[in-house]
Each structure stands twice: as C-alpha cells, then as structure tokens.
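K.L.:
Just so it is clear, I am handing over start20.pdb, which has PDB, C-alpha atoms and all ligand atoms.
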```
ATOM      1  CA  MET M   1      74.385 -10.572  69.343
ATOM      2  CA  PRO M   2      71.632  -8.178  70.422
ATOM      3  CA  ASN M   3      68.335  -9.983  70.511
ATOM      4  CA  THR M   4      65.224  -7.829  70.155
ATOM      5  CA  ALA M   5      64.841  -5.095  67.554
ATOM      6  CA  LEU M   6      62.043  -2.513  67.526
ATOM      7  CA  ILE M   7      61.492  -1.367  63.939
ATOM      8  CA  THR M   8      59.070   1.399  62.965
ATOM      9  CA  GLY M   9      57.681   1.432  59.449
ATOM     10  CA  ALA M  10      58.123  -2.322  59.024
ATOM     11  CA  SER M  11      55.011  -2.959  56.897
ATOM     12  CA  ALA M  12      56.830  -2.127  53.640
ATOM     13  CA  GLY M  13      60.029  -0.987  51.979
ATOM     14  CA  ILE M  14      63.304  -0.711  53.850
ATOM     15  CA  GLY M  15      61.651  -1.364  57.229
ATOM     16  CA  ALA M  16      60.363  -4.812  56.202
ATOM     17  CA  GLU M  17      63.866  -5.647  54.925
ATOM     18  CA  PHE M  18      65.452  -4.589  58.230
ATOM     19  CA  ALA M  19      63.081  -7.054  59.881
ATOM     20  CA  ARG M  20      64.030  -9.863  57.474
ATOM     21  CA  TYR M  21      67.756  -9.202  57.963
ATOM     22  CA  HIS M  22      67.521  -9.065  61.763
ATOM     23  CA  ALA M  23      65.448 -12.270  61.744
ATOM     24  CA  ARG M  24      68.133 -14.022  59.655
ATOM     25  CA  LYS M  25      70.588 -13.133  62.409
ATOM     26  CA  GLY M  26      68.290 -14.890  64.904
ATOM     27  CA  GLY M  27      66.882 -11.814  66.635
ATOM     28  CA  ASP M  28      63.344 -11.310  67.924
ATOM     29  CA  LEU M  29      61.338  -8.425  66.549
ATOM     30  CA  VAL M  30      58.757  -5.821  67.430
ATOM     31  CA  ILE M  31      57.417  -4.555  64.112
ATOM     32  CA  VAL M  32      55.346  -1.386  63.939
ATOM     33  CA  ALA M  33      53.332   0.446  61.272
ATOM     34  CA  ARG M  34      49.723   1.503  60.702
ATOM     35  CA  ARG M  35      48.750  -1.372  58.370
ATOM     36  CA  GLN M  36      48.009  -4.547  60.328
ATOM     37  CA  GLU M  37      47.801  -6.972  57.391
ATOM     38  CA  PRO M  38      51.339  -6.666  55.978
ATOM     39  CA  LEU M  39      52.731  -6.773  59.522
ATOM     40  CA  ASP M  40      50.834 -10.004  60.238
ATOM     41  CA  ALA M  41      52.054 -11.456  56.926
ATOM     42  CA  LEU M  42      55.657 -10.541  57.776
ATOM     43  CA  LYS M  43      55.319 -12.106  61.228
ATOM     44  CA  ALA M  44      53.978 -15.348  59.695
ATOM     45  CA  GLU M  45      56.748 -15.366  57.070
ATOM     46  CA  LEU M  46      59.566 -14.839  59.556
ATOM     47  CA  GLU M  47      58.321 -17.112  62.336
ATOM     48  CA  ALA M  48      57.873 -19.919  59.775
ATOM     49  CA  ILE M  49      61.535 -19.736  58.707
ATOM     50  CA  HIS M  50      63.370 -18.671  61.856
ATOM     51  CA  ASP M  51      63.200 -19.697  65.491
ATOM     52  CA  ILE M  52      62.206 -16.212  66.634
ATOM     53  CA  THR M  53      59.269 -14.307  68.134
ATOM     54  CA  VAL M  54      57.774 -11.432  66.171
ATOM     55  CA  THR M  55      55.451  -9.032  68.007
ATOM     56  CA  VAL M  56      53.157  -6.951  65.821
ATOM     57  CA  ILE M  57      52.022  -3.530  66.989
ATOM     58  CA  ALA M  58      49.775  -1.921  64.392
ATOM     59  CA  MET M  59      49.532   1.725  65.300
ATOM     60  CA  ASP M  60      50.129   5.216  64.051
ATOM     61  CA  VAL M  61      53.367   6.600  65.511
ATOM     62  CA  GLY M  62      53.043   9.876  63.662
ATOM     63  CA  THR M  63      53.394  12.144  66.689
ATOM     64  CA  PRO M  64      55.615  12.301  69.780
ATOM     65  CA  GLU M  65      52.577  11.362  71.912
ATOM     66  CA  GLN M  66      51.905   8.293  69.771
ATOM     67  CA  ALA M  67      55.594   7.344  69.933
ATOM     68  CA  THR M  68      55.359   7.462  73.739
ATOM     69  CA  ALA M  69      52.227   5.295  73.548
ATOM     70  CA  LEU M  70      54.192   2.797  71.416
ATOM     71  CA  TYR M  71      56.978   2.675  73.983
ATOM     72  CA  GLU M  72      54.440   2.124  76.759
ATOM     73  CA  ALA M  73      52.809  -0.682  74.756
ATOM     74  CA  VAL M  74      56.215  -2.368  74.367
ATOM     75  CA  LYS M  75      56.900  -2.012  78.095
ATOM     76  CA  ALA M  76      53.439  -3.388  78.939
ATOM     77  CA  LYS M  77      54.412  -6.535  77.025
ATOM     78  CA  GLY M  78      57.583  -6.822  79.140
ATOM     79  CA  ILE M  79      59.858  -6.547  76.093
ATOM     80  CA  GLU M  80      63.394  -5.136  76.366
ATOM     81  CA  ILE M  81      64.735  -3.420  73.263
ATOM     82  CA  ASP M  82      68.352  -4.088  72.255
ATOM     83  CA  VAL M  83      68.139  -2.503  68.801
ATOM     84  CA  LEU M  84      66.005   0.508  67.860
ATOM     85  CA  ILE M  85      65.495   1.204  64.165
ATOM     86  CA  ASN M  86      63.702   4.525  63.665
ATOM     87  CA  ASN M  87      62.704   3.962  60.046
ATOM     88  CA  ALA M  88      59.111   5.233  59.596
ATOM     89  CA  GLY M  89      59.062   8.414  57.565
ATOM     90  CA  PHE M  90      57.623  10.043  54.473
ATOM     91  CA  GLY M  91      58.327  12.868  52.049
ATOM     92  CA  GLY M  92      56.165  15.228  50.055
ATOM     93  CA  HIS M  93      56.644  16.947  46.719
ATOM     94  CA  GLY M  94      55.782  20.555  45.900
ATOM     95  CA  ALA M  95      56.644  24.184  46.502
ATOM     96  CA  PHE M  96      56.484  24.843  50.231
ATOM     97  CA  LEU M  97      53.847  27.617  49.996
ATOM     98  CA  ASP M  98      51.622  25.529  47.724
ATOM     99  CA  ARG M  99      51.659  22.499  49.975
ATOM    100  CA  ASP M 100      49.096  21.656  52.618
ATOM    101  CA  LEU M 101      50.781  22.901  55.796
ATOM    102  CA  ALA M 102      49.176  20.107  57.830
ATOM    103  CA  LYS M 103      51.029  17.521  55.713
ATOM    104  CA  ASP M 104      54.379  19.168  56.347
ATOM    105  CA  GLN M 105      53.617  19.413  60.057
ATOM    106  CA  ALA M 106      52.696  15.720  60.111
ATOM    107  CA  MET M 107      55.982  14.981  58.319
ATOM    108  CA  ILE M 108      57.935  16.839  60.999
ATOM    109  CA  ASP M 109      55.957  15.075  63.747
ATOM    110  CA  LEU M 110      56.816  11.620  62.349
ATOM    111  CA  ASN M 111      60.264  12.085  60.787
ATOM    112  CA  VAL M 112      61.564  14.186  63.689
ATOM    113  CA  GLY M 113      59.167  14.203  66.666
ATOM    114  CA  ALA M 114      58.491  10.473  66.923
ATOM    115  CA  LEU M 115      62.146   9.620  66.214
ATOM    116  CA  VAL M 116      63.421  11.902  68.982
ATOM    117  CA  THR M 117      60.783  10.615  71.395
ATOM    118  CA  LEU M 118      61.541   6.927  70.824
ATOM    119  CA  SER M 119      65.294   7.565  70.960
ATOM    120  CA  HIS M 120      64.814   9.252  74.348
ATOM    121  CA  HIS M 121      62.657   6.513  75.901
ATOM    122  CA  VAL M 122      64.624   3.559  74.527
ATOM    123  CA  GLY M 123      67.970   5.335  74.939
ATOM    124  CA  GLN M 124      67.440   5.783  78.682
ATOM    125  CA  GLU M 125      66.783   2.090  79.043
ATOM    126  CA  MET M 126      69.825   1.187  76.934
ATOM    127  CA  LYS M 127      72.061   3.539  78.908
ATOM    128  CA  ALA M 128      70.918   1.984  82.194
ATOM    129  CA  ARG M 129      71.835  -1.468  80.790
ATOM    130  CA  GLY M 130      75.138  -0.177  79.389
ATOM    131  CA  LYS M 131      74.467  -1.361  75.853
ATOM    132  CA  GLY M 132      72.268  -0.783  72.840
ATOM    133  CA  LYS M 133      72.238   0.065  69.150
ATOM    134  CA  MET M 134      70.160   2.663  67.338
ATOM    135  CA  LEU M 135      69.746   3.188  63.616
ATOM    136  CA  GLN M 136      68.168   6.464  62.546
ATOM    137  CA  VAL M 137      66.992   6.339  58.942
ATOM    138  CA  SER M 138      68.024   9.635  57.407
ATOM    139  CA  SER M 139      68.730  10.226  53.696
ATOM    140  CA  THR M 140      71.205  11.743  51.271
ATOM    141  CA  ALA M 141      68.638  14.585  51.467
ATOM    142  CA  ALA M 142      70.288  15.423  54.789
ATOM    143  CA  PHE M 143      73.415  16.737  53.048
ATOM    144  CA  GLN M 144      71.864  19.754  51.307
ATOM    145  CA  PRO M 145      68.602  21.733  51.191
ATOM    146  CA  GLY M 146      65.937  20.463  48.770
ATOM    147  CA  PRO M 147      63.748  22.961  46.957
ATOM    148  CA  TYR M 148      60.321  21.391  46.163
ATOM    149  CA  GLN M 149      60.832  18.970  49.040
ATOM    150  CA  ALA M 150      61.990  21.636  51.492
ATOM    151  CA  THR M 151      60.463  20.213  54.657
ATOM    152  CA  TYR M 152      61.471  16.616  53.934
ATOM    153  CA  PHE M 153      65.119  17.533  53.292
ATOM    154  CA  ALA M 154      65.154  19.616  56.472
ATOM    155  CA  THR M 155      63.728  16.747  58.562
ATOM    156  CA  LYS M 156      66.516  14.486  57.345
ATOM    157  CA  ALA M 157      69.190  17.137  58.073
ATOM    158  CA  PHE M 158      67.784  17.142  61.610
ATOM    159  CA  VAL M 159      67.952  13.347  61.830
ATOM    160  CA  SER M 160      71.603  13.157  60.740
ATOM    161  CA  SER M 161      72.639  15.989  63.062
ATOM    162  CA  PHE M 162      70.708  14.568  66.016
ATOM    163  CA  SER M 163      71.986  11.033  65.481
ATOM    164  CA  GLN M 164      75.654  12.064  65.450
ATOM    165  CA  ALA M 165      75.284  14.247  68.533
ATOM    166  CA  ILE M 166      73.531  11.626  70.646
ATOM    167  CA  ASP M 167      76.040   9.013  69.506
ATOM    168  CA  GLU M 168      78.823  11.143  70.978
ATOM    169  CA  GLU M 169      76.876  11.503  74.239
ATOM    170  CA  MET M 170      75.777   7.870  74.571
ATOM    171  CA  ARG M 171      78.891   6.056  73.328
ATOM    172  CA  PRO M 172      80.688   6.194  76.716
ATOM    173  CA  HIS M 173      77.605   4.417  78.113
ATOM    174  CA  GLY M 174      77.761   1.588  75.567
ATOM    175  CA  VAL M 175      75.018   2.919  73.289
ATOM    176  CA  THR M 176      75.575   3.983  69.675
ATOM    177  CA  SER M 177      73.456   5.787  67.082
ATOM    178  CA  THR M 178      74.058   5.405  63.344
ATOM    179  CA  ALA M 179      72.458   7.605  60.682
ATOM    180  CA  LEU M 180      71.664   5.690  57.487
ATOM    181  CA  CYS M 181      71.589   8.003  54.461
ATOM    182  CA  PRO M 182      70.267   6.202  51.391
ATOM    183  CA  GLY M 183      69.862   7.708  47.946
ATOM    184  CA  LEU M 184      66.785   6.706  45.954
ATOM    185  CA  VAL M 185      65.379   3.318  47.004
ATOM    186  CA  ASN M 186      62.663   1.427  45.117
ATOM    187  CA  THR M 187      59.851   1.428  47.684
ATOM    188  CA  GLU M 188      56.421   3.019  48.134
ATOM    189  CA  PHE M 189      58.239   6.214  49.150
ATOM    190  CA  VAL M 190      58.103   7.837  45.669
ATOM    191  CA  ALA M 191      54.344   7.286  45.319
ATOM    192  CA  VAL M 192      53.606   8.434  48.884
ATOM    193  CA  ALA M 193      55.693  11.591  48.328
ATOM    194  CA  ASP M 194      54.075  12.271  44.916
ATOM    195  CA  LEU M 195      57.503  12.269  43.266
ATOM    196  CA  GLU M 196      56.541  10.314  40.144
ATOM    197  CA  GLY M 197      57.678  12.144  37.021
ATOM    198  CA  THR M 198      60.522  14.010  38.696
ATOM    199  CA  GLY M 199      64.131  13.628  37.589
ATOM    200  CA  LEU M 200      64.860  12.147  40.985
ATOM    201  CA  ALA M 201      62.330   9.359  40.544
ATOM    202  CA  LYS M 202      63.669   8.538  37.063
ATOM    203  CA  GLN M 203      67.024   7.530  38.550
ATOM    204  CA  LYS M 204      67.857   3.895  39.071
ATOM    205  CA  GLY M 205      67.041   3.256  42.721
ATOM    206  CA  ALA M 206      68.616   0.717  45.044
ATOM    207  CA  THR M 207      66.730  -2.306  46.327
ATOM    208  CA  PRO M 208      65.371  -1.982  49.869
ATOM    209  CA  ALA M 209      67.097  -5.244  50.838
ATOM    210  CA  SER M 210      70.541  -3.934  49.836
ATOM    211  CA  VAL M 211      69.984  -0.671  51.721
ATOM    212  CA  ALA M 212      68.750  -2.453  54.842
ATOM    213  CA  LYS M 213      71.850  -4.670  54.872
ATOM    214  CA  VAL M 214      74.230  -1.705  54.509
ATOM    215  CA  GLY M 215      72.475   0.220  57.291
ATOM    216  CA  TYR M 216      72.120  -2.690  59.672
ATOM    217  CA  ASP M 217      75.764  -3.729  59.313
ATOM    218  CA  ALA M 218      76.886  -0.105  59.820
ATOM    219  CA  MET M 219      74.762   0.081  62.984
ATOM    220  CA  MET M 220      76.330  -3.110  64.312
ATOM    221  CA  ARG M 221      79.813  -1.651  63.706
ATOM    222  CA  GLY M 222      78.718   1.587  65.370
ATOM    223  CA  ASP M 223      79.430   3.751  62.308
ATOM    224  CA  LEU M 224      78.350   7.380  62.639
ATOM    225  CA  ILE M 225      76.960   7.819  59.135
ATOM    226  CA  SER M 226      76.312   5.277  56.416
ATOM    227  CA  ILE M 227      75.623   6.002  52.734
ATOM    228  CA  ASN M 228      74.500   2.995  50.739
ATOM    229  CA  GLU M 229      76.495   3.602  47.532
ATOM    230  CA  ALA M 230      80.154   4.588  47.080
ATOM    231  CA  ARG M 231      79.376   7.114  44.313
ATOM    232  CA  LEU M 232      76.835   8.871  46.545
ATOM    233  CA  ASN M 233      79.364   8.923  49.360
ATOM    234  CA  VAL M 234      81.827  10.798  47.119
ATOM    235  CA  MET M 235      79.096  13.141  45.902
ATOM    236  CA  MET M 236      77.780  14.018  49.372
ATOM    237  CA  ASN M 237      81.116  14.357  51.165
ATOM    238  CA  TRP M 238      83.512  15.593  48.475
ATOM    239  CA  ILE M 239      81.638  17.286  45.651
ATOM    240  CA  ILE M 240      78.519  18.974  47.046
ATOM    241  CA  PRO M 241      80.355  20.773  49.903
ATOM    242  CA  LEU M 242      82.690  22.399  47.330
ATOM    243  CA  LEU M 243      79.962  23.675  44.994
ATOM    244  CA  PRO M 244      78.442  27.165  45.334
ATOM    245  CA  ARG M 245      75.266  26.948  47.454
ATOM    246  CA  ARG M 246      73.084  28.516  44.736
ATOM    247  CA  THR M 247      74.295  25.894  42.243
ATOM    248  CA  VAL M 248      73.392  23.123  44.670
ATOM    249  CA  LEU M 249      69.920  24.613  45.252
ATOM    250  CA  LYS M 250      69.246  24.903  41.511
ATOM    251  CA  THR M 251      70.519  21.395  40.763
ATOM    252  CA  VAL M 252      68.582  19.728  43.589
ATOM    253  CA  GLY M 253      65.471  21.798  42.828
ATOM    254  CA  GLY M 254      65.718  20.734  39.184
ATOM    255  CA  MET M 255      65.741  17.080  40.208
ATOM    256  CA  GLN M 256      62.492  17.539  42.178
ATOM    257  CA  THR M 257      60.698  19.232  39.267
ATOM    258  CA  LYS M 258      58.156  17.332  37.167
TER     259      LYS M 258
HETATM  260  N1  LIG M 301      62.796   5.263  49.317
HETATM  261  C1  LIG M 301      63.708   6.206  49.248
HETATM  262  O1  LIG M 301      64.097   6.661  48.154
HETATM  263  C2  LIG M 301      64.346   6.722  50.520
HETATM  264  C3  LIG M 301      65.573   7.400  50.411
HETATM  265  C4  LIG M 301      66.174   7.893  51.549
HETATM  266  C5  LIG M 301      65.573   7.705  52.784
HETATM  267  N2  LIG M 301      64.381   7.057  52.874
HETATM  268  C6  LIG M 301      63.774   6.909  54.198
HETATM  269  O2  LIG M 301      63.631   5.526  54.487
HETATM  270  C7  LIG M 301      62.586   5.351  55.444
HETATM  271  C8  LIG M 301      61.700   4.217  54.975
HETATM  272  O3  LIG M 301      61.081   4.594  53.769
HETATM  273  P1  LIG M 301      60.741   3.588  52.579
HETATM  274  O4  LIG M 301      61.496   4.032  51.409
HETATM  275  O5  LIG M 301      60.855   2.189  53.032
HETATM  276  O6  LIG M 301      59.217   4.027  52.342
HETATM  277  P2  LIG M 301      57.851   3.231  52.374
HETATM  278  O7  LIG M 301      57.926   2.023  51.521
HETATM  279  O8  LIG M 301      56.808   4.259  52.075
HETATM  280  O9  LIG M 301      57.729   2.773  53.900
HETATM  281  C9  LIG M 301      57.416   3.664  54.935
HETATM  282  C10 LIG M 301      57.028   2.869  56.168
HETATM  283  O10 LIG M 301      56.686   3.782  57.215
HETATM  284  C11 LIG M 301      55.407   3.429  57.727
HETATM  285  N3  LIG M 301      54.736   4.619  58.222
HETATM  286  C12 LIG M 301      54.464   5.765  57.557
HETATM  287  N4  LIG M 301      53.793   6.619  58.336
HETATM  288  C13 LIG M 301      53.637   5.997  59.547
HETATM  289  C14 LIG M 301      53.017   6.374  60.768
HETATM  290  N5  LIG M 301      52.408   7.554  60.926
HETATM  291  N6  LIG M 301      53.027   5.492  61.784
HETATM  292  C15 LIG M 301      53.619   4.278  61.649
HETATM  293  N7  LIG M 301      54.233   3.879  60.518
HETATM  294  C16 LIG M 301      54.231   4.735  59.486
HETATM  295  C17 LIG M 301      54.688   2.788  56.551
HETATM  296  O11 LIG M 301      53.698   1.879  56.968
HETATM  297  P3  LIG M 301      52.114   2.157  57.084
HETATM  298  O12 LIG M 301      51.720   2.899  55.847
HETATM  299  O13 LIG M 301      51.563   0.763  57.189
HETATM  300  O14 LIG M 301      51.950   2.935  58.338
HETATM  301  C18 LIG M 301      55.815   1.987  55.930
HETATM  302  O15 LIG M 301      55.988   0.767  56.618
HETATM  303  C19 LIG M 301      61.900   6.704  55.577
HETATM  304  O16 LIG M 301      62.323   7.339  56.762
HETATM  305  C20 LIG M 301      62.380   7.467  54.354
HETATM  306  O17 LIG M 301      62.390   8.864  54.571
HETATM  307  C21 LIG M 301      63.763   6.551  51.771
END
```
Kindly transcribe the structure held in the file into structure tokens.
Ligand SMILES: NC(=O)c1ccc[n+]([C@@H]2O[C@H](COP(=O)([O-])OP(=O)(O)OC[C@H]3O[C@@H](n4cnc5c(N)ncnc54)[C@H](OP(=O)(O)O)[C@@H]3O)[C@@H](O)[C@H]2O)c1

P.N.:
Amino acid sequence: MPNTALITGASAGIGAEFARYHARKGGDLVIVARRQEPLDALKAELEAIHDITVTVIAMDVGTPEQATALYEAVKAKGIEIDVLINNAGFGGHGAFLDRDLAKDQAMIDLNVGALVTLSHHVGQEMKARGKGKMLQVSSTAAFQPGPYQATYFATKAFVSSFSQAIDEEMRPHGVTSTALCPGLVNTEFVAVADLEGTGLAKQKGATPASVAKVGYDAMMRGDLISINEARLNVMMNWIIPLLPRRTVLKTVGGMQTK
C-alpha cells in the first residue's frame, strides 16, 4: 500500500477526512492548509491513534508559485510522495460581473493553477519511480456550466478534463489520476462561497467522511471519475447531457439564486 500522502486543504472538510482515512490505512501524511492550529490538532489526533508520521505544512498554496514552494518544502524534508490529493479549493456566489474580479482570479489560481503545478512536480517524480496515485477534487459542477457561480463551475470542468487527460498519459508509466466529483457536502465550503440561502445549499449534503472514502477508494482502484452518490451519477451522465443547454443553464442558475 502506498505510504505517504500529500493532502492540500487538510485543515477542514473533505481534506481532513482524507487524512483520517489514509491514516487508518497506516499511511504517513503531509497535511497542508493556511490554518496552523487545526493542522496541528489533526496531527496530534492521528499520531495518537495510529503508528504514523504526520508532517504539518501551514502555508498558502493559492498560486502556482506557492504550490512550487510547497513542493520544494516537501523535498527539503526528504519526503517522497506516493499519493497526491489536490483537494484545496473554494467557490464564490454571485453574478460574474458583480463579483470582485480578484476573488475569481484567486479561485482560478488555487483550483486550477496550484493543482496543475503540484500534479506536474509530483507527477514527474511518480513517473520516474513507475508508480503513484493522484486524486483531483473536482465537483458535479464540472458537468455543466453554473450561472451565479460561473468561475467556480468552470474551474471544476478544467479539473475533470485535465485529470482524465493526464491519467491517459501517465497510466503506462504506473501513475493514475482520478477526478472526484462530489455533489453538495456539509463542510465550510457553503459559508466560504457565500451560498447560504440558495436552493443548492438547502439540499441535504453528504458527510465529508463518506465523500472522502468514496474518492480515496476510487483513486486506489484507478477510476477515471468518481461521483459520490448513485443518483447524482445518473443525473450527470444520463439526464443532463440529454437536456437542452438553455434548460440546464436556467435550472442550475435557479439553484444558485438566493
Ligand atoms: N462542500 C461541497 O459541497 C463540495 C462539493 C464539490 C466539491 N467540493 C470541493 O472539495 C474540495 C474541498 O472542499 P470542502 O468542501 O472540504 O471545503 P472547506 O471545508 O472549505 O475546506 C477547504 C480546505 O481548503 C483549504 N484552503 C483554502 N484555500 C487555501 C489556500 N489558499 N491554501 C491552502 N489551503 C487552502 C482550507 O484551509 P485553510 O482555510 O486553513 O487554508 C480547507 O482546509 C474543494 O476543492 C471543493 O471545491 C466541495
């Protein structure tokens, strides 16, 4: 079983649950996010229960440059990464033209730029070793455009597309990339994205632990795409592609409206 997992966005939500699940399997961890305190608490929790080493790196990985700095920090510690979970990401509610452009640019830098950068650095190392697993946290948002969350939906479409393409390229070299596409999950995501009061946020979300398990297991199998609920799988793959595009835009836009 692969030993060391690098997980971005591990201070909360799905990322913290990926860390707990990997630790249960006996793997070491490098956990990354901006907030030091929850990372330290997670390290203490996991090292107390499991015979593993958890390395905390509290830093902002919100740009490609910062993602490179993270990789260099990992290398400086002499750590080899067997599993890369690109999980850090955020959304943002509102009509595109009314939103602060800097926030959307920061979203692209983290959700896309940092993810691509880390995949490149870690992927080269994995390819040279002839093995490695990547999990790219995408979303059901990847399957259609999302009015009133236009940039977020587009970043996740990028992630799913990118993940499948690099999987095809890397697979002959023993490295796989899985895109995890959850529907709504009960984490800090809704508050961070200012989605409270929308139809989307009123839905019954999944628990982060259940989503982390589905994604992690799919990554270990080397699945291309993983959706955490069967009904969402049917909706994304069999219903939405058959609907008129304008209908999809109106329906999704309606769900993002307060
Ligand atoms: N929740 C949902 O409904 C849902 C659905 C589909 C997909 N997703 C995706 O799942 C992933 C995880 O989200 P979540 O639901 O677990 O949200 P969350 O609870 O808000 O967690 C986001 C994590 O990312 C970290 N993060 C944010 N910006 C960062 C930065 N610049 N540098 C380093 N770390 C950063 C946060 O930690 P710090 O604040 O400490 O930095 C936190 O640990 C995201 O990619 C999200 O798009 C979520």

K.L.:
Smallest atom-to-atom distance to ligand LIG 301 (chain M): which of M:Phe90, M:Phe158, M:Tyr21, M:Tyr216, using only C-alpha atoms and all ligand atoms?

P.N.:
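Closest to ligand LIG 301 (chain M) of all the choices is M:Phe90.
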
K.L.:
For this structure, which residues satisfy the selection - the PyMOL selection byres (((chain M and resi 111) around 8) and not hetatm) - when it is evaluated on the file as given? I want them as a ChimeraX atom specification.

P.N.:
/M:88-90,107-110,112-115,155-156,159

K.L.:
Using the chain letters and numbering of this document, enumerate as a ChimeraX atom specification the residues selected by the PyMOL selection byres (((not hetatm)) within 7 of (chain M and resi 301)).

P.N.:
/M:8-15,32-35,59-62,87-91,110-111,137-140,181-190,192,208

K.L.:
Taking into account all atoms listed in the file, which residue in the set M:Thr251, M:Ala193, M:Gly205, M:Ser160 is nearest to Ile225 in chain M?

P.N.:
M:Ser160

K.L.:
What would the list of residues within 8 Å of (72.0, -6.3, 68.1) (file frame) look like as a ChimeraX atom specification, if all atoms listed in the file are what count?

P.N.:
/M:1-5,27,82-83,132-133,220

K.L.:
Quote the spacing between CA of Met255 in chain M and CA of Asp194 in chain M in Å to one decimal place.

P.N.:
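Going from CA of Met255 in chain M over to CA of Asp194 in chain M covers 13.5 Å.
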
K.L.:
Find the residues near Gln36 in chain M: any atom within 6 Å, counting only C-alpha atoms, skip ones fewer than 2 places away on the same chain, and give them as a ChimeraX atom specification.

P.N.:
/M:38-39,58

K.L.:
Is there a way to get, as JSON, numbers by chain, all residues within 12 Å of the point (78.7, -3.2, 64.0) in file coordinates, counting all atoms listed in the file?

P.N.:
{"M": [1, 2, 83, 132, 133, 134, 135, 175, 176, 177, 178, 213, 214, 215, 216, 217, 218, 219, 220, 221, 222, 223, 224, 226]}

K.L.:
For Glu72 in chain M, list every protein, DNA or RNA residue within 12 Å, evaluated using only C-alpha atoms, and leave out those in the same chain fewer than 4 positions away; present the list as a ChimeraX atom specification.

P.N.:
/M:57,65-68,76-80,117-118,121-122

K.L.:
Can you give me, as a list in words, the residues this file yields under the PyMOL selection byres (((chain M and resi 240) around 12) and not hetatm)?

P.N.:
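Selected by the PyMOL selection byres (((chain M and resi 240) around 12) and not hetatm) here: Thr140, Ala141, Ala142, Phe143, Gln144, Pro145, Leu232, Asn233, Val234, Met235, Met236, Asn237, Trp238, Ile239, Pro241, Leu242, Leu243, Pro244, Arg245, Arg246, Thr247, Val248, Leu249, Thr251 and Val252 of chain M.
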
K.L.:
Nearest to Lys75 in chain M: which of M:Leu6, M:Ala102, M:Val54, M:Val116 is it, counting all atoms listed in the file?

P.N.:
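Smallest distance to Lys75 in chain M is found for M:Leu6.
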
K.L.:
Please indicate the distance in Å from CA of Gln105 in chain M to CA of Thr151 in chain M, rounded to one decimal place.

P.N.:
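It comes out at 8.8 Å.
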
K.L.:
What separation in Å, quoted to one decimal, exists between CA of Lys127 in chain M and CA of Ala106 in chain M?

P.N.:
29.6 Å

K.L.:
Looking at M:Glu125, M:Pro172, M:Ile52, M:Ser210, which one is nearest to Phe18 in chain M, with distances taken over all atoms listed in the file?

P.N.:
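Selected residue with least distance to Phe18 in chain M: M:Ser210.
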
K.L.:
Rank nothing, just name the residue among M:Ala128, M:Leu29, M:Ala150, M:Leu46 nearest to Leu97 in chain M, using all atoms listed in the file.

P.N.:
M:Ala150
